[in-house]
Amino acid sequence: MTLIDKIRQQASEHRKYILLPEAERDIRVIRAAVRMSQEEYANPVLLGSEAIIRKLAAENEVTIPDGVEIVAYNDPESEPEKYDFFKEKLSHKNLDQSQLKALCNNPLYTAGWMLATRRGDAAVAGSVASTGQVIVSALRTVGVSPESELVSSTFLMEMPDGRVFTYSDCAVVPYPDAEQLASIAIDAAKTHSLLTGDDPVIAFLSFSTKGSARHERVDLVKRACEIASVKKPQWKMDGEFQFDTAVIPAIAKRKAPESPIEGDANVFIFPNLDAGNIAYKITERLAGATATGPILQGLNKPYMDLSRGCSVEDIVNTACVAALLSV
């Protein structure tokens with residue numbers, strides 16, 4: 001059984017309510033909702049006009065089963081409550097009445113409002129909207145978790161031999177400082193543990209291993225590892241490491257003989273977005289790994305981002321991941 005099969009199986013045990021705010025504009029979202037309902041992975045909620053959604057489904061010969069709920073995001077009855085929510089939540093933005101009303105009629109913001117007010121368990125968007133639009137909507141509604149410094153991302157990388165690694169950050173934070181990198185590592189380790197069931201073994205990656213090179217970027221990685229180690233002393237973590245030291249026991253024995261990692265890391269923390277994004281794509285394309293993500297982390301409630309080139313399968317898988325993160 002693959003990792004994503006296990007995630008789907010676990011999601012089906014919880015049947016969480018997954019909000020899908022792009023149903024009016026993308027048949028892939030509707031198809032994914034139908035699949036989730038039929039396979040009993042989750043309870044999908046399509047946000048939008050029922051007439052528009054059913055028309056789009058009919059045009060594409062898709063039958064929406066009774067198990068798929070449709071909720072209007074511009075419902076006049078809910079607008080006063082949403083208006084007050086956005087007015088208070090975004091008081092620092094000094095938005096005028098027309099701007100607040102526009103948010104009330106925005107499906108991405110409505111999904112966030114529903115999450116924040118416990119009308120859903122997780123949201124999945126991004127097949128139409130950009131990553132920036134999804135993240136801003138999430139930040140302005142559900143907000144950052146008090147246990148996190150910022151929103152970041154992970155990719156689960158399942159290798160052909162069945163091993164599963166977590167790469168972070170590969171999609172959100174371009175050049176984190178030491179505090180941010182430490183927070184990214186802690187959130188990535190939590191994500192890895194929750195989705196795989198394995199204890200995290202965290203390697204902070206660099207072009208240096210334990211002082212083999214001197215540079216301010218090396219110092220940043222070392223400092224991040226120190227910060228994270230103080231916050232989570234129960235976890236195995238070390239750095240700065242070159243990649244081979246993190247994954248090959250024989251090399252680890254030579255280069256970092258005192259390290260608790262021992263060449264057996266499963267969570268890789270990259271020093272910047274350049275390295276993380278390049279690494280996950282190389283692993284996927286050349287090593288044949290299956291990449292699941294980006295998985296947004298650090299939010300108060302799961303609000304997942306999709307690639308605009310995603311497949312129906314991708315949407316279903318992301319929804320199942322979101323379901324588990326909401327448990």
# chains A, B, ... in the order shown; residues from 1 in each chain; ligands from 1

call {"tool": "residues_around", "arguments": {"residues": "range 33-42 of chain A", "least_positions_apart": "2", "cutoff": "7 Å", "atoms": "only C-alpha atoms", "output": "JSON, numbers by chain"}}
result
{"A": [8, 11, 12, 15, 16, 17, 18, 29, 30, 31, 44, 64, 65, 67, 68, 316, 320]}

call {"tool": "residues_around", "arguments": {"residues": "range 260-272 of chain A", "least_positions_apart": "3", "cutoff": "9 Å", "atoms": "only C-alpha atoms", "output": "JSON, numbers by chain"}}
result
{"A": [163, 164, 165, 166, 167, 168, 169, 170, 173, 174, 175, 176, 177, 181, 182, 184, 185, 188, 189, 192, 198, 199, 200, 201, 202, 203, 204, 205, 206, 217, 218, 220, 221, 236, 237, 238, 243, 244, 245, 246, 247, 248, 249, 250, 251, 252, 253, 256, 257, 275, 276, 277, 279]}

call {"tool": "residues_around", "arguments": {"residues": "Asn74 in chain A", "least_positions_apart": "3", "cutoff": "8 Å", "atoms": "only C-alpha atoms", "output": "ChimeraX atom specification"}}
result
/A:48,78-79,104-107

call {"tool": "write_last_selection", "arguments": {"atoms": "N, CA and C atoms", "output": "mmCIF file, in the first residue's frame"}}
result
data_model
loop_
_atom_site.group_PDB
_atom_site.id
_atom_site.type_symbol
_atom_site.label_atom_id
_atom_site.label_comp_id
_atom_site.auth_asym_id
_atom_site.auth_seq_id
_atom_site.Cartn_x
_atom_site.Cartn_y
_atom_site.Cartn_z
ATOM 1 N N GLY A 48 -20.694 27.879 -4.066
ATOM 2 C CA GLY A 48 -21.087 28.573 -5.282
ATOM 3 C C GLY A 48 -22.582 28.469 -5.538
ATOM 4 N N SER A 78 -26.178 35.152 5.293
ATOM 5 C CA SER A 78 -24.928 35.058 6.045
ATOM 6 C C SER A 78 -24.064 36.312 5.921
ATOM 7 N N GLU A 79 -24.442 37.221 5.009
ATOM 8 C CA GLU A 79 -23.584 38.391 4.767
ATOM 9 C C GLU A 79 -23.371 39.257 6.010
ATOM 10 N N CYS A 104 -17.145 39.516 1.413
ATOM 11 C CA CYS A 104 -18.284 38.650 1.745
ATOM 12 C C CYS A 104 -18.737 37.831 0.543
ATOM 13 N N ASN A 105 -18.483 38.357 -0.659
ATOM 14 C CA ASN A 105 -18.896 37.672 -1.883
ATOM 15 C C ASN A 105 -17.729 36.999 -2.598
ATOM 16 N N ASN A 106 -16.627 36.827 -1.877
ATOM 17 C CA ASN A 106 -15.446 36.178 -2.439
ATOM 18 C C ASN A 106 -15.407 34.727 -1.964
ATOM 19 N N PRO A 107 -15.384 33.756 -2.872
ATOM 20 C CA PRO A 107 -15.443 32.351 -2.445
ATOM 21 C C PRO A 107 -14.237 31.908 -1.617
#

call {"tool": "closest_residue", "arguments": {"among": "A:Leu56, A:Ala319, A:Leu306, A:Met157", "to": "Ala122 in chain A", "atoms": "only C-alpha atoms"}}
result
A:Ala319

call {"tool": "select_by_dssp", "arguments": {"residues": "range 162-281 of chain A", "states": "strand (DSSP E)", "output": "count of residues only"}}
result
19

call {"tool": "closest_residue", "arguments": {"among": "A:Ile4, A:Ala116, A:Val128, A:Leu150", "to": "Asp26 in chain A", "atoms": "only C-alpha atoms"}}
result
A:Val128

call {"tool": "residues_around", "arguments": {"residues": "Leu46 in chain A", "least_positions_apart": "4", "cutoff": "10 Å", "atoms": "only C-alpha atoms", "output": "VMD selection string"}}
result
chain A and resid 18 to 24 29 to 30 33 50 53 68 to 73 111

call {"tool": "write_last_selection", "arguments": {"atoms": "all heavy atoms", "output": "short mmCIF file (atom, residue, chain, number, x, y, z; two decimals), in the first residue's frame"}}
result
data_model
loop_
_atom_site.label_atom_id
_atom_site.label_comp_id
_atom_site.auth_asym_id
_atom_site.auth_seq_id
_atom_site.Cartn_x
_atom_site.Cartn_y
_atom_site.Cartn_z
N ILE A 18 -14.85 19.04 3.69
CA ILE A 18 -13.83 19.72 2.90
C ILE A 18 -14.49 20.78 2.02
O ILE A 18 -15.33 20.46 1.17
CB ILE A 18 -13.06 18.73 2.01
CG1 ILE A 18 -12.50 17.57 2.85
CG2 ILE A 18 -11.94 19.47 1.27
CD1 ILE A 18 -11.51 17.98 3.92
N LEU A 19 -14.11 22.03 2.21
CA LEU A 19 -14.68 23.15 1.47
C LEU A 19 -13.92 23.33 0.15
O LEU A 19 -12.69 23.39 0.14
CB LEU A 19 -14.60 24.43 2.30
CG LEU A 19 -15.16 24.34 3.73
CD1 LEU A 19 -14.93 25.64 4.47
CD2 LEU A 19 -16.64 23.98 3.71
N LEU A 20 -14.68 23.47 -0.94
CA LEU A 20 -14.10 23.61 -2.28
C LEU A 20 -14.65 24.87 -2.92
O LEU A 20 -15.72 24.87 -3.53
CB LEU A 20 -14.44 22.37 -3.12
CG LEU A 20 -13.94 21.03 -2.53
CD1 LEU A 20 -14.61 19.86 -3.21
CD2 LEU A 20 -12.42 20.94 -2.65
N PRO A 21 -13.94 26.00 -2.79
CA PRO A 21 -14.49 27.29 -3.21
C PRO A 21 -14.38 27.62 -4.70
O PRO A 21 -14.80 28.71 -5.10
CB PRO A 21 -13.67 28.28 -2.38
CG PRO A 21 -12.37 27.61 -2.14
CD PRO A 21 -12.68 26.15 -2.03
N GLU A 22 -13.86 26.72 -5.52
CA GLU A 22 -13.70 27.03 -6.94
C GLU A 22 -14.61 26.18 -7.83
O GLU A 22 -14.36 26.02 -9.03
CB GLU A 22 -12.23 26.86 -7.35
CG GLU A 22 -11.33 27.86 -6.63
CD GLU A 22 -9.85 27.61 -6.86
OE1 GLU A 22 -9.42 26.44 -6.79
OE2 GLU A 22 -9.12 28.58 -7.09
N ALA A 23 -15.68 25.69 -7.26
CA ALA A 23 -16.56 24.75 -7.97
C ALA A 23 -17.28 25.39 -9.15
O ALA A 23 -17.59 24.71 -10.14
CB ALA A 23 -17.57 24.14 -7.01
N GLU A 24 -17.58 26.68 -9.09
CA GLU A 24 -18.28 27.33 -10.19
C GLU A 24 -17.43 27.42 -11.45
O GLU A 24 -17.96 27.49 -12.55
CB GLU A 24 -18.67 28.76 -9.80
CG GLU A 24 -19.83 28.87 -8.85
CD GLU A 24 -20.24 30.32 -8.63
OE1 GLU A 24 -19.48 31.23 -9.04
OE2 GLU A 24 -21.30 30.55 -8.05
N VAL A 29 -12.84 20.34 -10.02
CA VAL A 29 -13.23 20.41 -8.61
C VAL A 29 -14.50 19.61 -8.38
O VAL A 29 -14.62 18.86 -7.39
CB VAL A 29 -13.43 21.88 -8.19
CG1 VAL A 29 -13.98 21.97 -6.77
CG2 VAL A 29 -12.11 22.65 -8.30
N ILE A 30 -15.46 19.73 -9.29
CA ILE A 30 -16.71 18.98 -9.17
C ILE A 30 -16.44 17.48 -9.29
O ILE A 30 -16.97 16.68 -8.52
CB ILE A 30 -17.72 19.45 -10.23
CG1 ILE A 30 -18.06 20.94 -10.03
CG2 ILE A 30 -19.00 18.60 -10.16
CD1 ILE A 30 -18.93 21.53 -11.12
N ALA A 33 -14.98 16.26 -6.10
CA ALA A 33 -15.99 16.17 -5.04
C ALA A 33 -16.82 14.90 -5.19
O ALA A 33 -17.12 14.20 -4.20
CB ALA A 33 -16.89 17.40 -5.07
N GLU A 50 -25.79 27.03 -6.92
CA GLU A 50 -26.18 25.67 -7.27
C GLU A 50 -26.52 25.57 -8.75
O GLU A 50 -26.17 24.58 -9.42
CB GLU A 50 -27.37 25.21 -6.42
CG GLU A 50 -27.78 23.78 -6.70
CD GLU A 50 -28.71 23.20 -5.66
OE1 GLU A 50 -29.06 23.91 -4.69
OE2 GLU A 50 -29.09 22.02 -5.81
N ILE A 53 -23.21 25.58 -10.77
CA ILE A 53 -22.45 24.34 -10.56
C ILE A 53 -23.12 23.17 -11.27
O ILE A 53 -22.45 22.38 -11.95
CB ILE A 53 -22.28 24.06 -9.05
CG1 ILE A 53 -21.33 25.10 -8.43
CG2 ILE A 53 -21.76 22.65 -8.81
CD1 ILE A 53 -21.26 25.05 -6.92
N VAL A 68 -22.95 15.19 -1.97
CA VAL A 68 -22.14 16.40 -2.19
C VAL A 68 -23.01 17.62 -1.90
O VAL A 68 -24.00 17.88 -2.58
CB VAL A 68 -21.61 16.47 -3.64
CG1 VAL A 68 -20.86 17.78 -3.86
CG2 VAL A 68 -20.70 15.28 -3.92
N GLU A 69 -22.63 18.37 -0.88
CA GLU A 69 -23.39 19.55 -0.47
C GLU A 69 -22.96 20.76 -1.32
O GLU A 69 -21.78 20.92 -1.65
CB GLU A 69 -23.13 19.83 1.00
CG GLU A 69 -23.97 20.94 1.60
CD GLU A 69 -23.73 21.16 3.08
OE1 GLU A 69 -22.92 20.39 3.66
OE2 GLU A 69 -24.33 22.07 3.65
N ILE A 70 -23.91 21.62 -1.65
CA ILE A 70 -23.63 22.86 -2.36
C ILE A 70 -24.09 24.02 -1.49
O ILE A 70 -25.24 24.07 -1.06
CB ILE A 70 -24.34 22.91 -3.73
CG1 ILE A 70 -23.90 21.73 -4.61
CG2 ILE A 70 -24.06 24.23 -4.44
CD1 ILE A 70 -24.63 21.64 -5.94
N VAL A 71 -23.17 24.95 -1.24
CA VAL A 71 -23.46 26.09 -0.38
C VAL A 71 -23.12 27.37 -1.13
O VAL A 71 -22.01 27.52 -1.64
CB VAL A 71 -22.65 26.03 0.94
CG1 VAL A 71 -22.86 27.29 1.77
CG2 VAL A 71 -23.03 24.79 1.74
N ALA A 72 -24.05 28.30 -1.18
CA ALA A 72 -23.81 29.58 -1.86
C ALA A 72 -22.86 30.43 -1.03
O ALA A 72 -23.11 30.66 0.16
CB ALA A 72 -25.13 30.31 -2.07
N TYR A 73 -21.79 30.92 -1.65
CA TYR A 73 -20.85 31.76 -0.91
C TYR A 73 -21.33 33.20 -0.80
O TYR A 73 -20.81 33.98 0.00
CB TYR A 73 -19.45 31.70 -1.55
CG TYR A 73 -19.37 32.16 -2.99
CD1 TYR A 73 -19.36 33.51 -3.32
CD2 TYR A 73 -19.29 31.23 -4.01
CE1 TYR A 73 -19.28 33.91 -4.63
CE2 TYR A 73 -19.21 31.62 -5.34
CZ TYR A 73 -19.20 32.97 -5.65
OH TYR A 73 -19.13 33.37 -6.95
N ALA A 111 -14.67 30.63 2.21
CA ALA A 111 -14.17 29.34 2.69
C ALA A 111 -13.37 29.53 3.99
O ALA A 111 -13.52 28.76 4.94
CB ALA A 111 -13.30 28.67 1.63
#

call {"tool": "closest_residue", "arguments": {"among": "A:Leu299, A:Ile27, A:Leu273, A:Ile227", "to": "Ala138 in chain A", "atoms": "only C-alpha atoms"}}
result
A:Leu299

call {"tool": "closest_residue", "arguments": {"among": "A:Ile186, A:Val312, A:Ile135, A:Val230", "to": "Ala171 in chain A", "atoms": "only C-alpha atoms"}}
result
A:Ile135

call {"tool": "select_by_dssp", "arguments": {"residues": "range 192-326 of chain A", "states": "helix (DSSP H, G or I)", "output": "PyMOL selection string"}}
result
chain A and resi 192-196+216-231+243-247+249-255+273-286+312-325

call {"tool": "residues_around", "arguments": {"residues": "range 81-86 of chain A", "least_positions_apart": "5", "cutoff": "10 Å", "atoms": "only C-alpha atoms", "output": "ChimeraX atom specification"}}
result
/A:76,91,95,97,99-105,109-110,113-114,116-117,140-141

call {"tool": "closest_residue", "arguments": {"among": "A:Ser259, A:Ser208, A:Lys301, A:Glu158", "to": "Arg119 in chain A", "atoms": "only C-alpha atoms"}}
result
A:Lys301

call {"tool": "closest_residue", "arguments": {"among": "A:Ala123, A:Ala287, A:Val136, A:Met159", "to": "Val45 in chain A", "atoms": "only C-alpha atoms"}}
result
A:Ala123
